[in-house]
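Enquirer: Got a file for you: my_file18.csv, CSV, C-alpha atoms and all ligand atoms.
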```csv
chain,number,residue,atom,x,y,z
F,1,MET,CA,50.2,41.0,159.1
F,2,ILE,CA,50.8,38.1,161.5
F,3,ASN,CA,54.4,37.1,161.6
F,4,VAL,CA,55.0,33.4,162.4
F,5,ALA,CA,58.4,31.7,162.7
F,6,PHE,CA,58.8,27.9,163.0
F,7,VAL,CA,61.9,26.7,164.8
F,8,CYS,CA,63.7,23.4,165.2
F,9,LEU,CA,67.3,22.3,165.8
F,10,GLY,CA,68.7,22.1,162.2
F,11,ASN,CA,66.0,23.8,160.0
F,12,ILE,CA,66.3,21.1,157.4
F,13,CYS,CA,63.5,18.7,158.5
F,14,ARG,CA,60.7,19.7,161.0
F,15,SER,CA,60.6,23.5,160.8
F,16,PRO,CA,60.8,23.9,157.0
F,17,MET,CA,58.2,21.1,156.7
F,18,ALA,CA,56.0,23.2,159.1
F,19,GLU,CA,56.7,26.4,157.2
F,20,LEU,CA,55.6,24.9,153.9
F,21,VAL,CA,52.7,23.0,155.3
F,22,PHE,CA,51.4,26.1,157.0
F,23,LYS,CA,51.8,28.2,153.8
F,24,ASN,CA,49.9,25.5,151.9
F,25,ILE,CA,47.0,25.6,154.4
F,26,LEU,CA,47.0,29.4,154.2
F,27,LYS,CA,47.0,29.2,150.4
F,28,GLU,CA,44.0,26.8,150.4
F,29,LYS,CA,42.1,29.2,152.6
F,30,ASN,CA,43.1,32.3,150.7
F,31,LEU,CA,44.9,33.7,153.8
F,32,LEU,CA,48.5,33.9,152.5
F,33,GLN,CA,48.4,37.7,152.3
F,34,LYS,CA,47.6,38.0,156.0
F,35,PHE,CA,50.7,36.1,157.2
F,36,ASN,CA,54.4,36.3,156.9
F,37,VAL,CA,55.8,32.7,157.5
F,38,SER,CA,59.4,31.7,158.0
F,39,SER,CA,61.5,29.1,159.7
F,40,PHE,CA,64.8,29.0,161.6
F,41,ALA,CA,67.4,26.7,163.3
F,42,THR,CA,68.5,27.0,166.9
F,43,SER,CA,71.9,25.6,165.8
F,44,SER,CA,74.3,26.5,163.1
F,45,TYR,CA,74.8,22.8,162.1
F,46,GLU,CA,73.0,22.9,158.8
F,47,VAL,CA,73.1,26.6,157.9
F,48,GLY,CA,73.0,27.1,154.1
F,49,ASN,CA,71.6,23.6,153.4
F,50,PRO,CA,68.3,22.8,151.7
F,51,ILE,CA,65.4,20.8,153.0
F,52,TYR,CA,66.6,17.2,153.8
F,53,PRO,CA,65.6,15.0,150.9
F,54,PRO,CA,63.4,12.5,152.8
F,55,ALA,CA,61.5,15.5,154.3
F,56,LYS,CA,61.1,17.1,150.9
F,57,ARG,CA,59.9,13.8,149.4
F,58,THR,CA,57.2,13.5,152.2
F,59,LEU,CA,56.0,17.0,151.5
F,60,GLU,CA,55.8,16.3,147.8
F,61,LYS,CA,53.9,13.1,148.4
F,62,TYR,CA,51.1,15.3,149.9
F,63,GLY,CA,51.3,18.0,147.2
F,64,VAL,CA,53.2,20.5,149.4
F,65,SER,CA,55.8,22.3,147.3
F,66,GLY,CA,58.5,24.9,148.0
F,67,ASN,CA,62.1,25.3,149.1
F,68,HIS,CA,64.0,26.6,152.0
F,69,ILE,CA,67.6,27.1,153.0
F,70,SER,CA,68.6,26.6,156.6
F,71,GLN,CA,69.2,29.8,158.6
F,72,GLN,CA,70.0,30.3,162.3
F,73,LEU,CA,67.6,32.1,164.6
F,74,THR,CA,68.7,35.5,166.0
F,75,LEU,CA,67.3,37.7,168.7
F,76,SER,CA,66.0,40.1,166.2
F,77,ASN,CA,64.0,37.3,164.5
F,78,VAL,CA,62.3,36.7,167.8
F,79,VAL,CA,61.6,40.4,168.3
F,80,CYS,CA,60.1,40.7,164.8
F,81,ASN,CA,57.8,37.8,165.0
F,82,ASP,CA,54.4,37.5,166.7
F,83,TYR,CA,54.6,33.7,167.2
F,84,ILE,CA,57.7,31.5,167.6
F,85,LEU,CA,56.5,27.9,167.1
F,86,VAL,CA,59.0,25.4,168.2
F,87,MET,CA,59.0,21.6,167.7
F,88,ASP,CA,60.2,20.3,171.0
F,89,SER,CA,61.1,21.1,174.6
F,90,GLU,CA,64.8,21.5,173.7
F,91,ASN,CA,64.0,24.1,171.1
F,92,LEU,CA,61.9,25.9,173.7
F,93,SER,CA,64.8,26.0,176.1
F,94,ASP,CA,67.3,27.1,173.4
F,95,VAL,CA,65.1,30.0,172.2
F,96,LEU,CA,64.6,31.2,175.8
F,97,TYR,CA,68.4,30.9,176.3
F,98,LEU,CA,68.9,33.1,173.2
F,99,THR,CA,66.5,35.7,174.5
F,100,GLY,CA,67.6,35.6,178.2
F,101,GLY,CA,64.1,34.5,179.1
F,102,LYS,CA,62.4,37.4,177.4
F,103,TYR,CA,59.5,37.1,174.9
F,104,SER,CA,58.4,33.8,176.4
F,105,GLU,CA,54.8,34.9,175.8
F,106,LYS,CA,55.2,34.4,172.1
F,107,VAL,CA,57.1,31.1,172.2
F,108,PHE,CA,55.0,27.9,172.0
F,109,LYS,CA,55.5,24.3,171.2
F,110,LEU,CA,53.5,23.6,168.0
F,111,LEU,CA,51.4,20.9,169.5
F,112,HIS,CA,50.4,23.1,172.4
F,113,PHE,CA,47.5,24.2,170.1
F,114,THR,CA,46.2,20.7,169.7
F,115,GLY,CA,45.9,20.4,173.5
F,116,GLU,CA,48.6,17.7,173.6
F,117,ASN,CA,51.7,19.8,174.2
F,118,ARG,CA,54.0,17.0,173.4
F,119,ASP,CA,57.0,17.3,171.0
F,120,VAL,CA,56.6,17.0,167.3
F,121,ALA,CA,58.0,13.5,166.3
F,122,ASP,CA,61.7,14.0,165.5
F,123,PRO,CA,62.5,12.1,162.2
F,124,TRP,CA,66.2,12.6,162.5
F,125,TYR,CA,66.7,9.4,164.5
F,126,THR,CA,63.4,7.6,163.9
F,127,ARG,CA,63.3,8.2,160.1
F,128,ASN,CA,59.5,8.3,160.4
F,129,PHE,CA,58.8,11.4,158.3
F,130,GLU,CA,55.1,10.4,158.0
F,131,LYS,CA,54.6,10.7,161.7
F,132,THR,CA,56.3,14.1,161.7
F,133,TYR,CA,54.2,15.3,158.7
F,134,GLN,CA,51.0,14.3,160.5
F,135,ASP,CA,52.0,16.0,163.7
F,136,ILE,CA,52.8,19.1,161.8
F,137,VAL,CA,49.5,19.2,159.8
F,138,ASN,CA,47.6,18.8,163.1
F,139,GLY,CA,49.6,21.4,164.9
F,140,CYS,CA,49.4,23.9,162.0
F,141,ASN,CA,45.6,23.5,161.7
F,142,ALA,CA,45.2,23.9,165.4
F,143,PHE,CA,47.4,27.0,165.5
F,144,LEU,CA,45.5,28.6,162.6
F,145,SER,CA,42.2,27.9,164.4
F,146,PHE,CA,43.6,29.5,167.5
F,147,VAL,CA,44.8,32.6,165.6
F,148,LEU,CA,41.5,33.0,163.7
F,149,ASN,CA,39.0,32.0,166.4
F,150,GLY,CA,41.0,32.3,169.6
F,151,LYS,CA,40.6,28.6,170.3
F,201,LIG,P1,65.6,19.2,162.3
F,201,LIG,O1,66.4,17.9,162.1
F,201,LIG,O2,66.0,19.9,163.6
F,201,LIG,O3,64.2,18.8,162.3
F,201,LIG,O4,65.9,20.1,161.0
F,201,LIG,C1,67.8,17.8,162.4
F,201,LIG,C2,68.7,18.2,161.5
F,201,LIG,C3,70.0,18.1,161.8
F,201,LIG,C4,70.5,17.6,163.0
F,201,LIG,C5,69.5,17.2,163.9
F,201,LIG,C6,68.2,17.3,163.7
F,201,LIG,N1,71.8,17.5,163.2
F,201,LIG,O5,72.2,16.9,164.3
F,201,LIG,O6,72.7,17.9,162.4
```
Translate the structure described by the file into structure tokens.
Expert:
Amino acid sequence: MINVAFVCLGNICRSPMAELVFKNILKEKNLLQKFNVSSFATSSYEVGNPIYPPAKRTLEKYGVSGNHISQQLTLSNVVCNDYILVMDSENLSDVLYLTGGKYSEKVFKLLHFTGENRDVADPWYTRNFEKTYQDIVNGCNAFLSFVLNGK
């Protein structure tokens, strides 16, 4: 079993989108049983809240279904996962602050695997959920290719 946790600030837009997109890709490739996929917030701001409606609508537009309730990342979540895939540089710093700098070998920005290493577009201020969705699809496909083929 490969344990993957997606992480963003609030866990209501980017990381639950990534969790559901990645699960959808795994389902299409008949690989769901090989992975345990979850998502978390670095903050407590939105804990207990569902996926933000515009993010949910964007997923549904592309046939990606599922639900999620925001939960805050703990040190034990980092320990228990093989990959912590964050959306931006601030998430990366926040995760490493939580771990006291430990486990950095399993923490990656999602778009690292595309070769770009920039941040996933943050829709909270831009309202551009399409751009976020496309970044996430590209990142998830590149990550899966890395895990399966080492590249
Ligand atoms: P997310 O989006 O980190 O992609 O879930 C945000 C959600 C909430 C806030 C910021 C970003 N907030 O400031 O409450």
Enquirer: Quick one: residues within 6 Å of ligand LIG 201 (chain F), with all atoms listed in the file, as a PyMOL selection string?
Expert: chain F and resi 8-14+45+124
Enquirer: Quick one: of F:Glu105, F:Phe35, F:His68, F:Glu19, who's nearest to Ile51 (chain F), counting only C-alpha atoms?
Expert: F:His68
Enquirer: Name the closest residue to Val95 (chain F) among the candidates F:Leu110, F:Ala41, F:Leu26, F:Val147; distances are taken between atoms, counting only C-alpha atoms.
Expert: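 Closest to Val95 (chain F), using only C-alpha atoms: F:Ala41.
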Enquirer: Using CA of Phe129 (chain F) and CA of Pro54 (chain F) as the two end points, give the distance in Å to one decimal.
Expert: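 So the two atoms, CA of Phe129 (chain F) and CA of Pro54 (chain F), lie 7.3 Å apart.
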Enquirer: List every protein, DNA or RNA residue with an atom no more than 6 Å from (72.7, 28.7, 159.3) in the file's coordinates, counting only C-alpha atoms, and format the result as a list in words.
Expert: Ser44, Glu46, Val47, Gly48, Ser70, Gln71 and Gln72 of chain F
Enquirer: Extract, using only C-alpha atoms, all DNA, RNA and protein residues at most 12 Å from Tyr62 (chain F), discarding same-chain residues fewer than 6 positions from it, and format them as a PyMOL selection string.
Expert: chain F and resi 17+20-21+24-25+55-56+130+133-134+137
Enquirer: Just to confirm, what's the straight-line distance from CA of Ile2 (chain F) to CA of Leu32 (chain F) in Å (one decimal)?
Expert: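 Distance between the two atoms: 10.2 Å.
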Enquirer: In file coordinates, which residues lie within 6 Å of (60.0, 24.6, 167.3) using all atoms listed in the file, given as an NGL selection string?
Expert: :F and (6-8 or 85-88 or 91 or 109)
Enquirer: Quote the spacing between CA of Val107 (chain F) and CA of Tyr83 (chain F) in Å to one decimal place.
Expert: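 That distance, rounded to one decimal, is 6.2 Å.
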Enquirer: For each of F:Ala18, F:Phe113, F:Gln33, F:Ser89, take the minimum atom-to-atom distance to Gly66 (chain F), counting all atoms listed in the file, then give the residue where this is smallest.
Expert: F:Ala18
Enquirer: For Ser38 (chain F), which residue out of F:Lys106, F:Lys23, F:Lys61, F:Arg118 is the nearest one, using all atoms listed in the file?
Expert: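 Nearest to Ser38 (chain F): F:Lys23.
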